[in-house]
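Okay, upload_29.csv is below, CSV, C-alpha atoms:
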chain,number,residue,atom,x,y,z
A,1,MET,CA,21.9,8.8,29.7
A,2,THR,CA,22.5,5.2,30.6
A,3,LYS,CA,23.0,2.5,27.9
A,4,ASN,CA,19.6,0.9,28.5
A,5,ASP,CA,17.8,4.3,28.2
A,6,LEU,CA,19.6,4.8,24.8
A,7,ILE,CA,18.6,1.4,23.6
A,8,ILE,CA,14.9,1.9,24.5
A,9,GLU,CA,14.9,5.4,23.0
A,10,THR,CA,16.4,4.1,19.7
A,11,ILE,CA,14.1,1.2,19.5
A,12,LEU,CA,11.0,3.2,20.2
A,13,MET,CA,12.0,5.8,17.6
A,14,ALA,CA,12.7,3.2,15.0
A,15,GLY,CA,9.3,1.6,15.7
A,16,LYS,CA,7.5,4.9,15.6
A,17,ILE,CA,9.0,5.8,12.2
A,18,MET,CA,8.2,2.4,10.7
A,19,ILE,CA,4.6,2.3,11.9
A,20,GLU,CA,3.9,6.0,11.0
A,21,ASN,CA,4.9,5.4,7.5
A,22,GLY,CA,3.1,2.2,6.7
A,23,ALA,CA,5.1,-0.9,7.6
A,24,ASP,CA,3.4,-4.2,8.5
A,25,MET,CA,3.5,-5.3,12.1
A,26,ALA,CA,5.4,-8.6,11.5
A,27,ARG,CA,8.2,-6.5,9.9
A,28,VAL,CA,8.2,-4.0,12.8
A,29,ASP,CA,8.3,-6.7,15.4
A,30,ASP,CA,11.1,-8.5,13.7
A,31,THR,CA,13.2,-5.3,13.2
A,32,LEU,CA,12.7,-4.0,16.8
A,33,THR,CA,13.5,-7.4,18.4
A,34,ARG,CA,16.6,-7.7,16.2
A,35,ILE,CA,17.9,-4.2,17.2
A,36,ALA,CA,17.4,-5.1,20.9
A,37,ARG,CA,19.2,-8.4,20.5
A,38,ASN,CA,22.1,-6.8,18.7
A,39,ALA,CA,22.3,-4.1,21.4
A,40,GLY,CA,22.8,-6.9,24.0
A,41,ILE,CA,19.4,-7.5,25.4
A,42,ASP,CA,18.5,-11.2,25.3
A,43,ASN,CA,14.9,-11.1,26.1
A,44,PRO,CA,13.3,-7.8,25.1
A,45,LYS,CA,9.6,-7.3,25.8
A,46,ILE,CA,8.0,-5.2,23.0
A,47,PHE,CA,4.3,-4.8,22.3
A,48,GLU,CA,3.2,-2.8,19.3
A,49,THR,CA,-0.1,-1.8,17.7
A,50,THR,CA,-0.9,0.8,15.0
A,51,THR,CA,-1.5,3.4,17.7
A,52,GLY,CA,1.4,2.9,20.1
A,53,ILE,CA,4.5,0.9,21.2
A,54,LEU,CA,5.3,-0.4,24.7
A,55,MET,CA,8.7,-1.7,25.6
A,56,SER,CA,10.5,-2.9,28.7
A,57,ILE,CA,13.8,-4.6,29.5
A,58,PRO,CA,13.4,-7.6,31.9
A,59,LYS,CA,14.6,-7.0,35.4
A,60,GLN,CA,14.5,-3.2,34.9
A,61,ALA,CA,11.9,-1.1,36.7
A,62,ALA,CA,11.0,1.3,33.9
A,63,ALA,CA,8.9,0.6,30.8
A,64,GLN,CA,8.5,3.2,28.1
A,65,VAL,CA,5.4,4.0,26.0
A,66,GLU,CA,5.5,5.8,22.6
A,67,PRO,CA,2.1,6.9,21.3
A,68,ILE,CA,1.6,7.1,17.5
A,69,GLN,CA,-0.9,9.7,16.4
A,70,LYS,CA,-0.4,10.4,12.8
A,71,ARG,CA,-0.2,7.8,10.0
A,72,THR,CA,1.0,8.6,6.5
A,73,ILE,CA,2.5,6.5,3.8
A,74,ASP,CA,6.2,6.8,2.9
A,75,LEU,CA,7.7,3.5,2.2
A,76,GLU,CA,11.2,4.9,1.6
A,77,LYS,CA,11.5,5.7,5.3
A,78,VAL,CA,10.6,2.1,6.2
A,79,SER,CA,13.2,0.9,3.8
A,80,LEU,CA,15.8,3.3,5.3
A,81,VAL,CA,15.2,2.2,8.9
A,82,ASN,CA,15.6,-1.4,7.7
A,83,GLN,CA,18.9,-0.6,6.0
A,84,ASN,CA,20.2,1.1,9.2
A,85,SER,CA,19.1,-1.9,11.3
A,86,ARG,CA,21.1,-4.1,8.9
A,87,ALA,CA,24.2,-1.9,9.2
A,88,PHE,CA,23.9,-2.0,13.0
A,89,GLN,CA,23.7,-5.7,12.9
A,90,ASP,CA,26.8,-5.9,10.8
A,91,GLY,CA,28.6,-3.6,13.3
A,92,GLN,CA,29.1,-0.8,10.7
A,93,ILE,CA,27.5,1.8,12.9
A,94,SER,CA,27.3,2.2,16.7
A,95,LEU,CA,24.0,2.6,18.6
A,96,ASN,CA,24.6,6.3,19.0
A,97,GLU,CA,25.1,6.8,15.2
A,98,PHE,CA,22.0,4.6,14.6
A,99,ARG,CA,20.0,6.9,16.8
A,100,ASN,CA,21.3,10.1,15.1
A,101,ASN,CA,20.6,8.5,11.6
A,102,LEU,CA,17.0,7.9,12.7
A,103,VAL,CA,16.5,11.5,13.7
A,104,LYS,CA,18.0,12.7,10.5
A,105,LEU,CA,16.0,10.4,8.2
A,106,ASN,CA,12.8,11.2,9.9
A,107,ILE,CA,13.2,14.8,9.0
A,108,SER,CA,15.0,14.9,5.7
A,109,THR,CA,13.9,11.9,3.6
A,110,PRO,CA,13.1,13.2,0.1
A,111,PHE,CA,9.6,12.6,-1.2
A,112,PHE,CA,8.8,12.6,-4.9
A,113,SER,CA,7.7,16.1,-5.8
A,114,PHE,CA,4.0,17.0,-6.2
A,115,TRP,CA,4.3,17.3,-9.9
A,116,LEU,CA,5.9,13.9,-10.3
A,117,GLN,CA,3.2,12.4,-8.1
A,118,LEU,CA,0.5,14.1,-10.2
A,119,ILE,CA,2.0,12.6,-13.4
A,120,ALA,CA,2.2,9.2,-11.7
A,121,ALA,CA,-1.5,9.5,-10.7
A,122,VAL,CA,-2.4,10.4,-14.3
A,123,ILE,CA,-0.4,7.4,-15.6
A,124,VAL,CA,-2.0,5.0,-13.1
A,125,SER,CA,-5.5,6.2,-14.1
A,126,VAL,CA,-5.0,6.0,-17.9
A,127,THR,CA,-3.1,2.7,-17.9
A,128,LEU,CA,-5.6,0.9,-15.6
A,129,MET,CA,-8.5,2.3,-17.6
A,130,ILE,CA,-7.0,0.7,-20.8
A,131,MET,CA,-6.2,-2.5,-18.9
A,132,TYR,CA,-9.8,-2.9,-17.7
A,133,GLY,CA,-11.0,-2.7,-21.3
A,134,GLY,CA,-11.8,1.0,-21.7
A,135,SER,CA,-11.6,2.6,-25.1
A,136,TRP,CA,-8.8,4.8,-26.4
A,137,ARG,CA,-11.3,7.6,-26.8
A,138,ASP,CA,-11.6,8.1,-23.1
A,139,ILE,CA,-7.9,8.7,-22.4
A,140,ILE,CA,-8.1,12.5,-22.1
A,141,ALA,CA,-11.1,12.4,-19.9
A,142,THR,CA,-9.5,9.8,-17.6
A,143,ALA,CA,-6.3,11.8,-17.4
A,144,PHE,CA,-8.2,14.9,-16.4
A,145,ALA,CA,-10.3,13.0,-13.8
A,146,GLY,CA,-7.3,11.2,-12.3
A,147,GLY,CA,-5.1,14.3,-12.2
A,148,LEU,CA,-7.6,16.7,-10.8
A,149,GLY,CA,-9.0,14.1,-8.3
A,150,TYR,CA,-5.5,13.3,-7.0
A,151,SER,CA,-4.6,17.0,-6.7
A,152,CYS,CA,-7.8,17.6,-4.7
A,153,TYR,CA,-7.0,14.5,-2.4
A,154,TYR,CA,-3.4,15.7,-2.0
A,155,LEU,CA,-4.2,19.3,-1.1
A,156,ILE,CA,-6.9,18.4,1.4
A,157,ASN,CA,-4.7,15.8,3.0
A,158,ASN,CA,-1.6,18.0,3.3
A,159,ARG,CA,-3.2,21.4,4.1
A,160,LEU,CA,-6.3,20.5,6.2
A,161,LYS,CA,-5.2,17.1,7.4
A,162,ILE,CA,-8.7,15.6,7.4
A,163,ARG,CA,-8.8,12.0,6.3
A,164,PHE,CA,-11.8,10.4,4.6
A,165,VAL,CA,-13.2,13.9,3.7
A,166,SER,CA,-10.3,14.2,1.2
A,167,GLU,CA,-11.2,10.8,-0.4
A,168,PHE,CA,-14.9,11.8,-0.5
A,169,LEU,CA,-14.4,15.2,-2.2
A,170,ALA,CA,-11.8,13.8,-4.6
A,171,SER,CA,-14.1,11.0,-5.8
A,172,PHE,CA,-17.0,13.4,-6.0
A,173,LEU,CA,-14.9,15.6,-8.2
A,174,ILE,CA,-13.9,12.6,-10.4
A,175,GLY,CA,-17.5,11.7,-10.8
A,176,VAL,CA,-18.5,15.2,-11.8
A,177,ILE,CA,-15.6,15.4,-14.4
A,178,ALA,CA,-16.6,12.0,-15.9
A,179,VAL,CA,-20.3,13.1,-16.3
A,180,LEU,CA,-19.2,16.5,-17.7
A,181,PHE,CA,-16.9,15.0,-20.3
A,182,VAL,CA,-19.5,12.4,-21.4
A,183,ARG,CA,-22.2,15.1,-21.7
A,184,LEU,CA,-19.8,17.3,-23.8
A,185,GLN,CA,-19.2,14.3,-26.1
A,186,LEU,CA,-15.5,14.2,-25.2
A,187,GLY,CA,-15.7,10.7,-23.6
A,188,SER,CA,-17.9,7.6,-24.1
A,189,ARG,CA,-18.3,5.7,-20.9
A,190,ILE,CA,-18.8,7.3,-17.5
A,191,GLY,CA,-18.0,4.0,-15.7
A,192,MET,CA,-14.6,3.4,-17.2
A,193,ILE,CA,-13.5,7.1,-16.7
A,194,THR,CA,-14.6,7.0,-13.1
A,195,ILE,CA,-12.9,3.7,-12.3
A,196,GLY,CA,-9.7,4.9,-13.9
A,197,GLY,CA,-9.8,8.2,-12.1
A,198,VAL,CA,-10.5,6.6,-8.7
A,199,MET,CA,-7.6,4.1,-8.9
A,200,PRO,CA,-4.8,6.4,-7.5
A,201,LEU,CA,-6.9,6.9,-4.3
A,202,VAL,CA,-7.2,3.1,-3.6
A,203,PRO,CA,-6.0,2.4,-0.1
A,204,GLY,CA,-3.4,-0.2,-1.2
A,205,VAL,CA,-1.2,0.0,1.8
A,206,PRO,CA,-3.9,-0.6,4.5
A,207,ILE,CA,-5.4,-3.4,2.5
A,208,THR,CA,-2.2,-5.3,2.0
A,209,ASN,CA,-1.0,-4.7,5.6
A,210,ALA,CA,-4.4,-5.7,7.1
A,211,VAL,CA,-4.1,-9.1,5.4
A,212,ARG,CA,-0.5,-9.6,6.4
A,213,ASP,CA,-1.1,-8.5,10.0
A,214,VAL,CA,-4.0,-10.8,10.5
A,215,PHE,CA,-2.1,-13.8,9.2
A,216,ALA,CA,0.9,-12.9,11.3
A,217,GLY,CA,-1.3,-13.0,14.4
A,218,HIS,CA,-1.4,-9.2,15.1
A,219,PHE,CA,-5.2,-9.1,15.2
A,220,LEU,CA,-5.5,-5.7,16.8
A,221,SER,CA,-3.5,-4.0,14.2
A,222,GLY,CA,-5.0,-6.0,11.4
A,223,MET,CA,-8.5,-5.1,12.3
A,224,ALA,CA,-7.6,-1.4,12.8
A,225,ARG,CA,-6.0,-1.4,9.3
A,226,ALA,CA,-9.0,-3.2,7.8
A,227,MET,CA,-11.3,-0.6,9.3
A,228,GLU,CA,-9.1,2.1,7.8
A,229,ALA,CA,-9.2,0.6,4.4
A,230,LEU,CA,-13.0,0.0,4.6
A,231,LEU,CA,-13.6,3.6,5.6
A,232,SER,CA,-11.5,4.9,2.8
A,233,ALA,CA,-13.3,2.7,0.3
A,234,CYS,CA,-16.7,3.8,1.7
A,235,ALA,CA,-15.7,7.5,1.4
A,236,ILE,CA,-14.8,6.9,-2.2
A,237,GLY,CA,-18.0,5.1,-2.9
A,238,MET,CA,-20.1,7.8,-1.2
A,239,GLY,CA,-18.5,10.4,-3.4
A,240,ILE,CA,-19.4,8.5,-6.6
A,241,ALA,CA,-22.9,7.7,-5.3
A,242,PHE,CA,-23.6,11.4,-4.7
A,243,VAL,CA,-22.8,12.1,-8.4
A,244,PHE,CA,-25.2,9.4,-9.5
A,245,ARG,CA,-28.0,10.6,-7.2
A,246,PHE,CA,-27.9,14.2,-8.1
A,247,LEU,CA,-26.5,14.6,-11.6
B,1,MET,CA,-2.9,-6.7,-27.4
B,2,MET,CA,-0.8,-8.6,-24.8
B,3,ILE,CA,2.1,-6.1,-25.4
B,4,ILE,CA,-0.2,-3.2,-24.6
B,5,GLN,CA,-1.4,-4.9,-21.5
B,6,ILE,CA,2.2,-5.6,-20.4
B,7,ILE,CA,3.3,-2.0,-21.0
B,8,CYS,CA,0.3,-0.6,-19.2
B,9,SER,CA,0.6,-2.9,-16.1
B,10,TYR,CA,4.3,-2.0,-15.9
B,11,LEU,CA,3.6,1.8,-16.0
B,12,ALA,CA,0.6,1.5,-13.6
B,13,THR,CA,2.6,-0.4,-11.0
B,14,ILE,CA,5.5,2.1,-11.2
B,15,GLY,CA,3.0,5.0,-11.0
B,16,PHE,CA,1.5,3.7,-7.8
B,17,GLY,CA,5.0,3.1,-6.5
B,18,ILE,CA,5.7,6.8,-6.9
B,19,ILE,CA,2.5,7.7,-5.1
B,20,VAL,CA,3.5,5.7,-2.0
B,21,ASN,CA,7.1,6.8,-2.4
B,22,ILE,CA,9.1,3.6,-2.7
B,23,PRO,CA,12.9,4.0,-3.1
B,24,HIS,CA,14.1,4.7,-6.6
B,25,ARG,CA,16.2,1.5,-6.5
B,26,ALA,CA,13.1,-0.7,-6.2
B,27,LEU,CA,11.0,0.9,-8.9
B,28,ASN,CA,12.1,-1.2,-11.8
B,29,SER,CA,11.8,-4.6,-10.1
B,30,CYS,CA,8.5,-3.5,-8.6
B,31,GLY,CA,7.2,-2.8,-12.2
B,32,TRP,CA,8.1,-6.4,-13.3
B,33,VAL,CA,6.4,-8.0,-10.3
B,34,GLY,CA,3.3,-6.0,-11.3
B,35,VAL,CA,3.6,-7.3,-14.9
B,36,LEU,CA,3.9,-10.9,-13.7
B,37,GLY,CA,0.9,-10.6,-11.5
B,38,TRP,CA,-1.3,-9.1,-14.2
B,39,VAL,CA,-0.2,-11.5,-17.0
B,40,THR,CA,-0.9,-14.4,-14.6
B,41,TYR,CA,-4.4,-13.0,-14.1
B,42,LEU,CA,-5.1,-12.5,-17.8
B,43,VAL,CA,-3.8,-16.0,-18.8
B,44,ILE,CA,-6.0,-17.8,-16.3
B,45,LYS,CA,-9.0,-15.6,-17.2
B,46,MET,CA,-8.5,-16.3,-20.9
B,47,ALA,CA,-8.3,-20.1,-20.1
B,48,ASN,CA,-11.8,-19.8,-18.5
B,49,GLY,CA,-10.4,-20.3,-15.0
B,50,GLY,CA,-12.8,-17.9,-13.4
B,51,THR,CA,-12.3,-14.6,-11.7
B,52,MET,CA,-11.6,-16.0,-8.2
B,53,LEU,CA,-9.0,-18.5,-9.3
B,54,ALA,CA,-7.3,-15.9,-11.5
B,55,ASN,CA,-7.1,-13.4,-8.6
B,56,ALA,CA,-5.9,-16.0,-6.1
B,57,VAL,CA,-3.1,-17.3,-8.4
B,58,ALA,CA,-2.1,-13.8,-9.5
B,59,ALA,CA,-1.8,-12.8,-5.8
B,60,LEU,CA,0.2,-16.0,-5.2
B,61,ALA,CA,2.6,-15.1,-8.1
B,62,ILE,CA,2.9,-11.5,-6.7
B,63,GLY,CA,3.6,-12.8,-3.2
B,64,LEU,CA,6.3,-15.3,-4.3
B,65,SER,CA,8.1,-12.9,-6.7
B,66,SER,CA,8.1,-10.1,-4.1
B,67,ILE,CA,9.6,-12.4,-1.5
B,68,PHE,CA,12.2,-13.3,-4.1
B,69,MET,CA,12.9,-9.6,-4.9
B,70,ALA,CA,13.0,-8.6,-1.3
B,71,ARG,CA,15.7,-11.2,-0.6
B,72,ARG,CA,17.7,-10.1,-3.7
B,73,LEU,CA,17.6,-6.4,-3.1
B,74,LYS,CA,17.6,-6.7,0.8
B,75,MET,CA,14.5,-4.5,1.1
B,76,PRO,CA,11.1,-5.0,2.9
B,77,MET,CA,8.7,-7.1,1.0
B,78,ILE,CA,5.8,-4.6,1.1
B,79,LEU,CA,7.7,-2.3,-1.3
B,80,PHE,CA,7.0,-4.8,-4.0
B,81,ASN,CA,3.6,-6.3,-3.3
B,82,ILE,CA,1.6,-3.1,-2.5
B,83,PRO,CA,2.0,-1.4,-5.9
B,84,SER,CA,1.7,-4.8,-7.8
B,85,LEU,CA,-1.6,-5.5,-6.1
B,86,VAL,CA,-3.3,-2.4,-7.4
B,87,PRO,CA,-4.4,-3.7,-10.8
B,88,LEU,CA,-6.1,-6.6,-9.1
B,89,VAL,CA,-8.3,-4.4,-6.9
B,90,PRO,CA,-12.0,-5.1,-7.9
B,91,GLY,CA,-12.7,-1.6,-9.1
B,92,GLY,CA,-15.3,-2.5,-11.7
B,93,GLN,CA,-17.4,-4.6,-9.3
B,94,ALA,CA,-17.2,-2.0,-6.6
B,95,TYR,CA,-18.3,0.7,-9.0
B,96,LYS,CA,-21.3,-1.4,-10.1
B,97,ALA,CA,-22.3,-1.9,-6.5
B,98,VAL,CA,-22.1,1.8,-5.7
B,99,ARG,CA,-24.1,2.6,-8.8
B,100,ASN,CA,-26.8,0.1,-8.1
B,101,PHE,CA,-27.1,1.3,-4.5
B,102,ALA,CA,-27.4,5.0,-5.7
B,103,VAL,CA,-30.2,4.2,-8.2
B,104,GLY,CA,-32.0,2.1,-5.6
B,105,ASN,CA,-31.4,-1.3,-7.1
B,106,ASP,CA,-30.4,-2.9,-3.8
B,107,LEU,CA,-30.5,-6.6,-4.8
B,108,ALA,CA,-28.1,-6.2,-7.7
B,109,ALA,CA,-25.9,-4.0,-5.5
B,110,ILE,CA,-25.6,-6.7,-2.8
B,111,SER,CA,-24.7,-9.3,-5.3
B,112,ASN,CA,-22.0,-7.0,-6.6
B,113,LEU,CA,-20.8,-6.4,-3.1
B,114,VAL,CA,-20.6,-10.1,-2.4
B,115,GLN,CA,-18.4,-10.4,-5.6
B,116,VAL,CA,-16.1,-7.6,-4.3
B,117,ALA,CA,-15.8,-9.4,-0.9
B,118,MET,CA,-15.0,-12.7,-2.6
B,119,ILE,CA,-12.3,-11.2,-4.9
B,120,ALA,CA,-10.7,-9.6,-1.8
B,121,GLY,CA,-10.8,-12.9,-0.1
B,122,ALA,CA,-9.2,-14.7,-3.1
B,123,ILE,CA,-6.4,-12.1,-3.1
B,124,ALA,CA,-5.8,-12.5,0.6
B,125,MET,CA,-5.8,-16.3,0.2
B,126,GLY,CA,-3.1,-16.0,-2.6
B,127,PHE,CA,-0.9,-13.9,-0.3
B,128,PHE,CA,-1.5,-16.3,2.6
B,129,VAL,CA,-0.4,-19.3,0.5
B,130,SER,CA,2.7,-17.5,-0.8
B,131,GLU,CA,3.7,-16.6,2.7
B,132,LEU,CA,3.2,-20.1,3.9
B,133,ALA,CA,5.3,-21.5,1.0
B,134,ALA,CA,8.1,-19.0,1.6
B,135,ARG,CA,8.2,-19.8,5.3
B,136,THR,CA,8.2,-23.5,4.8
B,137,TYR,CA,11.0,-23.1,2.2
B,138,PHE,CA,13.2,-21.0,4.5
B,139,ARG,CA,12.6,-23.2,7.4
B,140,ILE,CA,13.8,-26.2,5.4
B,141,THR,CA,16.8,-24.5,3.8
B,142,VAL,CA,18.0,-22.0,6.4
B,143,LYS,CA,19.3,-23.6,9.6
B,144,HIS,CA,18.9,-21.2,12.6

Show how you would write the structure in this file as structure tokens.
Amino acid sequence: MTKNDLIIETILMAGKIMIENGADMARVDDTLTRIARNAGIDNPKIFETTTGILMSIPKQAAAQVEPIQKRTIDLEKVSLVNQNSRAFQDGQISLNEFRNNLVKLNISTPFFSFWLQLIAAVIVSVTLMIMYGGSWRDIIATAFAGGLGYSCYYLINNRLKIRFVSEFLASFLIGVIAVLFVRLQLGSRIGMITIGGVMPLVPGVPITNAVRDVFAGHFLSGMARAMEALLSACAIGMGIAFVFRFL
Amino acid sequence: MMIIQIICSYLATIGFGIIVNIPHRALNSCGWVGVLGWVTYLVIKMANGGTMLANAVAALAIGLSSIFMARRLKMPMILFNIPSLVPLVPGGQAYKAVRNFAVGNDLAAISNLVQVAMIAGAIAMGFFVSELAARTYFRITVKH
């Protein structure tokens, strides 16, 4: 493999990992250009969107394309790519080591375990319900709604890999639980329990990135992300609306 | 009352941070950025500043402090502002909109939706101003 091939491969891999795991485009653009400059290419041509990266080196015949099909959220990987890029800039690791590190971190970065995430989801639901002015009586109902809703979302996302359906079913379940608890006199306000339970499903990463991308001039990616956030929000709303319509 | 709000916003921010898997090293600072944002929101709301202004200034505070944290810990900025933003999400208004649509009360639902859109716009505006301020500041202080 020639040096230029290695540079292009490393850069495309770094870009793919960052975009797949929820980095904003300005950050991706900055990191990739920086890697190319540090590898000795003065004027790299890189074009990236949320669904693919194109890169070429001036005065070379070949350009390379890297399609990006799946999109998940794992900000630790984004941060690790960033750290490696800094180490490469400071000359602590060579380009080859950089590439090997990327392969390694893409496979073996630890995620918080499912149980810890479940506890986190319960905490998010309960604390936000209190912050929005809910009563202390609804804590148990909110904890159940948030926990079961998030488990449903997680299982459908990981096992069946269908987006939007997972949000829809999870919010439907949350609505049912809220209605059930209030009917059984174990909770007081359906609204507060539902809002709290839905909070862990909020598409925070697409919302934030959509805003940042649009302001940074990456309109294609920004609009794609805004669409993603809007569809997630609509799926959640549909789930809740179903509960109101039929229960 | 304020202490409960602070504890809750700290825990909520860290909880959302765990859901999107931010590195362990960033969790604590991320929690404090979230507290700062929520306290800013509450203070302006209590001083009758209105929901839009409260959201915009809270987003501005979150944006500036996450830029500061990102520089200090040498990590990407989105690690700090995504979880901190979550308490500001207009969940209540969105819920009312959905509810009104479901029971057929379309006019009230549309007015709720407009509120949701305006709050989202206010938050975006806050982030925009913080980015602008940070860029101007670094352009002045850092010589390329």

Enumerate, in order of chain and increasing residue number, the residues of chain A with an atom no farther than 9 Å from chain B, each with its shortest atom pair and distance in Å to one decimal, counting all atoms listed in the file, as JSON lines.
{"residue": "A:Ala23", "atom": "CA", "partner": "B:Ile78", "partner_atom": "CA", "distance": 7.5}
{"residue": "A:Asp24", "atom": "CA", "partner": "B:Ile78", "partner_atom": "CA", "distance": 7.8}
{"residue": "A:Arg27", "atom": "CA", "partner": "B:Pro76", "partner_atom": "CA", "distance": 7.7}
{"residue": "A:Ile73", "atom": "CA", "partner": "B:Val20", "partner_atom": "CA", "distance": 5.9}
{"residue": "A:Asp74", "atom": "CA", "partner": "B:Asn21", "partner_atom": "CA", "distance": 5.4}
{"residue": "A:Leu75", "atom": "CA", "partner": "B:Ile22", "partner_atom": "CA", "distance": 5.1}
{"residue": "A:Glu76", "atom": "CA", "partner": "B:Ile22", "partner_atom": "CA", "distance": 5.0}
{"residue": "A:Lys77", "atom": "CA", "partner": "B:Ile22", "partner_atom": "CA", "distance": 8.6}
{"residue": "A:Val78", "atom": "CA", "partner": "B:Pro76", "partner_atom": "CA", "distance": 7.8}
{"residue": "A:Ser79", "atom": "CA", "partner": "B:Met75", "partner_atom": "CA", "distance": 6.2}
{"residue": "A:Leu80", "atom": "CA", "partner": "B:Pro23", "partner_atom": "CA", "distance": 8.9}
{"residue": "A:Asn82", "atom": "CA", "partner": "B:Met75", "partner_atom": "CA", "distance": 7.4}
{"residue": "A:Gln83", "atom": "CA", "partner": "B:Met75", "partner_atom": "CA", "distance": 7.7}
{"residue": "A:Phe111", "atom": "CA", "partner": "B:Asn21", "partner_atom": "CA", "distance": 6.4}
{"residue": "A:Phe112", "atom": "CA", "partner": "B:Asn21", "partner_atom": "CA", "distance": 6.5}
{"residue": "A:Leu116", "atom": "CA", "partner": "B:Ile18", "partner_atom": "CA", "distance": 7.9}
{"residue": "A:Gln117", "atom": "CA", "partner": "B:Ile19", "partner_atom": "CA", "distance": 5.6}
{"residue": "A:Leu118", "atom": "CA", "partner": "B:Ile19", "partner_atom": "CA", "distance": 8.4}
{"residue": "A:Ile119", "atom": "CA", "partner": "B:Gly15", "partner_atom": "CA", "distance": 8.0}
{"residue": "A:Ala120", "atom": "CA", "partner": "B:Gly15", "partner_atom": "CA", "distance": 4.3}
{"residue": "A:Ala121", "atom": "CA", "partner": "B:Gly15", "partner_atom": "CA", "distance": 6.4}
{"residue": "A:Val122", "atom": "CA", "partner": "B:Gly15", "partner_atom": "CA", "distance": 8.3}
{"residue": "A:Ile123", "atom": "CA", "partner": "B:Gly15", "partner_atom": "CA", "distance": 6.2}
{"residue": "A:Val124", "atom": "CA", "partner": "B:Ala12", "partner_atom": "CA", "distance": 4.4}
{"residue": "A:Ser125", "atom": "CA", "partner": "B:Ala12", "partner_atom": "CA", "distance": 7.7}
{"residue": "A:Val126", "atom": "CA", "partner": "B:Ala12", "partner_atom": "CA", "distance": 8.4}
{"residue": "A:Thr127", "atom": "CA", "partner": "B:Cys8", "partner_atom": "CA", "distance": 4.9}
{"residue": "A:Leu128", "atom": "CA", "partner": "B:Ala12", "partner_atom": "CA", "distance": 6.5}
{"residue": "A:Ile130", "atom": "CA", "partner": "B:Cys8", "partner_atom": "CA", "distance": 7.6}
{"residue": "A:Met131", "atom": "CA", "partner": "B:Gln5", "partner_atom": "CA", "distance": 6.0}
{"residue": "A:Tyr132", "atom": "CA", "partner": "B:Gly92", "partner_atom": "CA", "distance": 8.1}
{"residue": "A:Gly191", "atom": "CA", "partner": "B:Tyr95", "partner_atom": "CA", "distance": 7.5}
{"residue": "A:Met192", "atom": "CA", "partner": "B:Gly92", "partner_atom": "CA", "distance": 8.1}
{"residue": "A:Thr194", "atom": "CA", "partner": "B:Tyr95", "partner_atom": "CA", "distance": 8.4}
{"residue": "A:Ile195", "atom": "CA", "partner": "B:Gly91", "partner_atom": "CA", "distance": 6.2}
{"residue": "A:Gly196", "atom": "CA", "partner": "B:Gly91", "partner_atom": "CA", "distance": 8.6}
{"residue": "A:Val198", "atom": "CA", "partner": "B:Gly91", "partner_atom": "CA", "distance": 8.5}
{"residue": "A:Met199", "atom": "CA", "partner": "B:Gly91", "partner_atom": "CA", "distance": 7.7}
{"residue": "A:Pro200", "atom": "CA", "partner": "B:Phe16", "partner_atom": "CA", "distance": 6.9}
{"residue": "A:Val202", "atom": "CA", "partner": "B:Val86", "partner_atom": "CA", "distance": 7.7}
{"residue": "A:Gly204", "atom": "CA", "partner": "B:Ile82", "partner_atom": "CA", "distance": 5.9}
{"residue": "A:Val205", "atom": "CA", "partner": "B:Ile82", "partner_atom": "CA", "distance": 6.0}
{"residue": "A:Ile207", "atom": "CA", "partner": "B:Ile82", "partner_atom": "CA", "distance": 8.6}
{"residue": "A:Thr208", "atom": "CA", "partner": "B:Ile82", "partner_atom": "CA", "distance": 6.3}
{"residue": "A:Asn209", "atom": "CA", "partner": "B:Ile78", "partner_atom": "CA", "distance": 8.2}
{"residue": "A:Val211", "atom": "CA", "partner": "B:Ala124", "partner_atom": "CA", "distance": 6.1}
{"residue": "A:Arg212", "atom": "CA", "partner": "B:Phe128", "partner_atom": "CA", "distance": 7.8}
{"residue": "A:Phe215", "atom": "CA", "partner": "B:Phe128", "partner_atom": "CA", "distance": 7.1}
{"residue": "A:Gly237", "atom": "CA", "partner": "B:Val98", "partner_atom": "CA", "distance": 6.0}
{"residue": "A:Met238", "atom": "CA", "partner": "B:Val98", "partner_atom": "CA", "distance": 7.8}
{"residue": "A:Ile240", "atom": "CA", "partner": "B:Val98", "partner_atom": "CA", "distance": 7.3}
{"residue": "A:Ala241", "atom": "CA", "partner": "B:Ala102", "partner_atom": "CA", "distance": 5.3}
{"residue": "A:Phe242", "atom": "CA", "partner": "B:Ala102", "partner_atom": "CA", "distance": 7.5}
{"residue": "A:Val243", "atom": "CA", "partner": "B:Ala102", "partner_atom": "CA", "distance": 8.9}
{"residue": "A:Phe244", "atom": "CA", "partner": "B:Ala102", "partner_atom": "CA", "distance": 6.2}
{"residue": "A:Arg245", "atom": "CA", "partner": "B:Ala102", "partner_atom": "CA", "distance": 5.8}

Find the spatial neighbours of region 40-56 of chain A, counting only C-alpha atoms, within a cut-off of 8 Å - ignore same-chain residues fewer than 5 positions away - and output them as a ChimeraX atom specification. /A:8,12,15-16,19,25,29,32-33,62-69,218,220-221,224-225

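The shortest atom-to-atom distance to Asn157 (chain A), with all atoms listed in the file taken into account, belongs to A:Lys70 out of A:Phe172, A:Lys70, A:Asn101, A:Leu186.
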
Give me the residues within 8 Å of Gly239 (chain A) as a list of chain:residue names, counting only C-alpha atoms and dropping any in the same chain fewer than 6 places off.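 Close residues of Gly239 (chain A): A:Glu167, A:Phe168, A:Leu169, A:Ala170, A:Ser171, A:Phe172, A:Leu173, A:Gly175.
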
Please produce a file of the residues just selected, as a short mmCIF file (atom, residue, chain, number, x, y, z; two decimals), in the coordinates of the input, where the atoms kept are C-alpha atoms.
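Below is the file result-v3.cif, written as the result:
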data_model
loop_
_atom_site.label_atom_id
_atom_site.label_comp_id
_atom_site.auth_asym_id
_atom_site.auth_seq_id
_atom_site.Cartn_x
_atom_site.Cartn_y
_atom_site.Cartn_z
CA GLU A 167 -11.20 10.80 -0.40
CA PHE A 168 -14.90 11.80 -0.50
CA LEU A 169 -14.40 15.20 -2.20
CA ALA A 170 -11.80 13.80 -4.60
CA SER A 171 -14.10 11.00 -5.80
CA PHE A 172 -17.00 13.40 -6.00
CA LEU A 173 -14.90 15.60 -8.20
CA GLY A 175 -17.50 11.70 -10.80
#
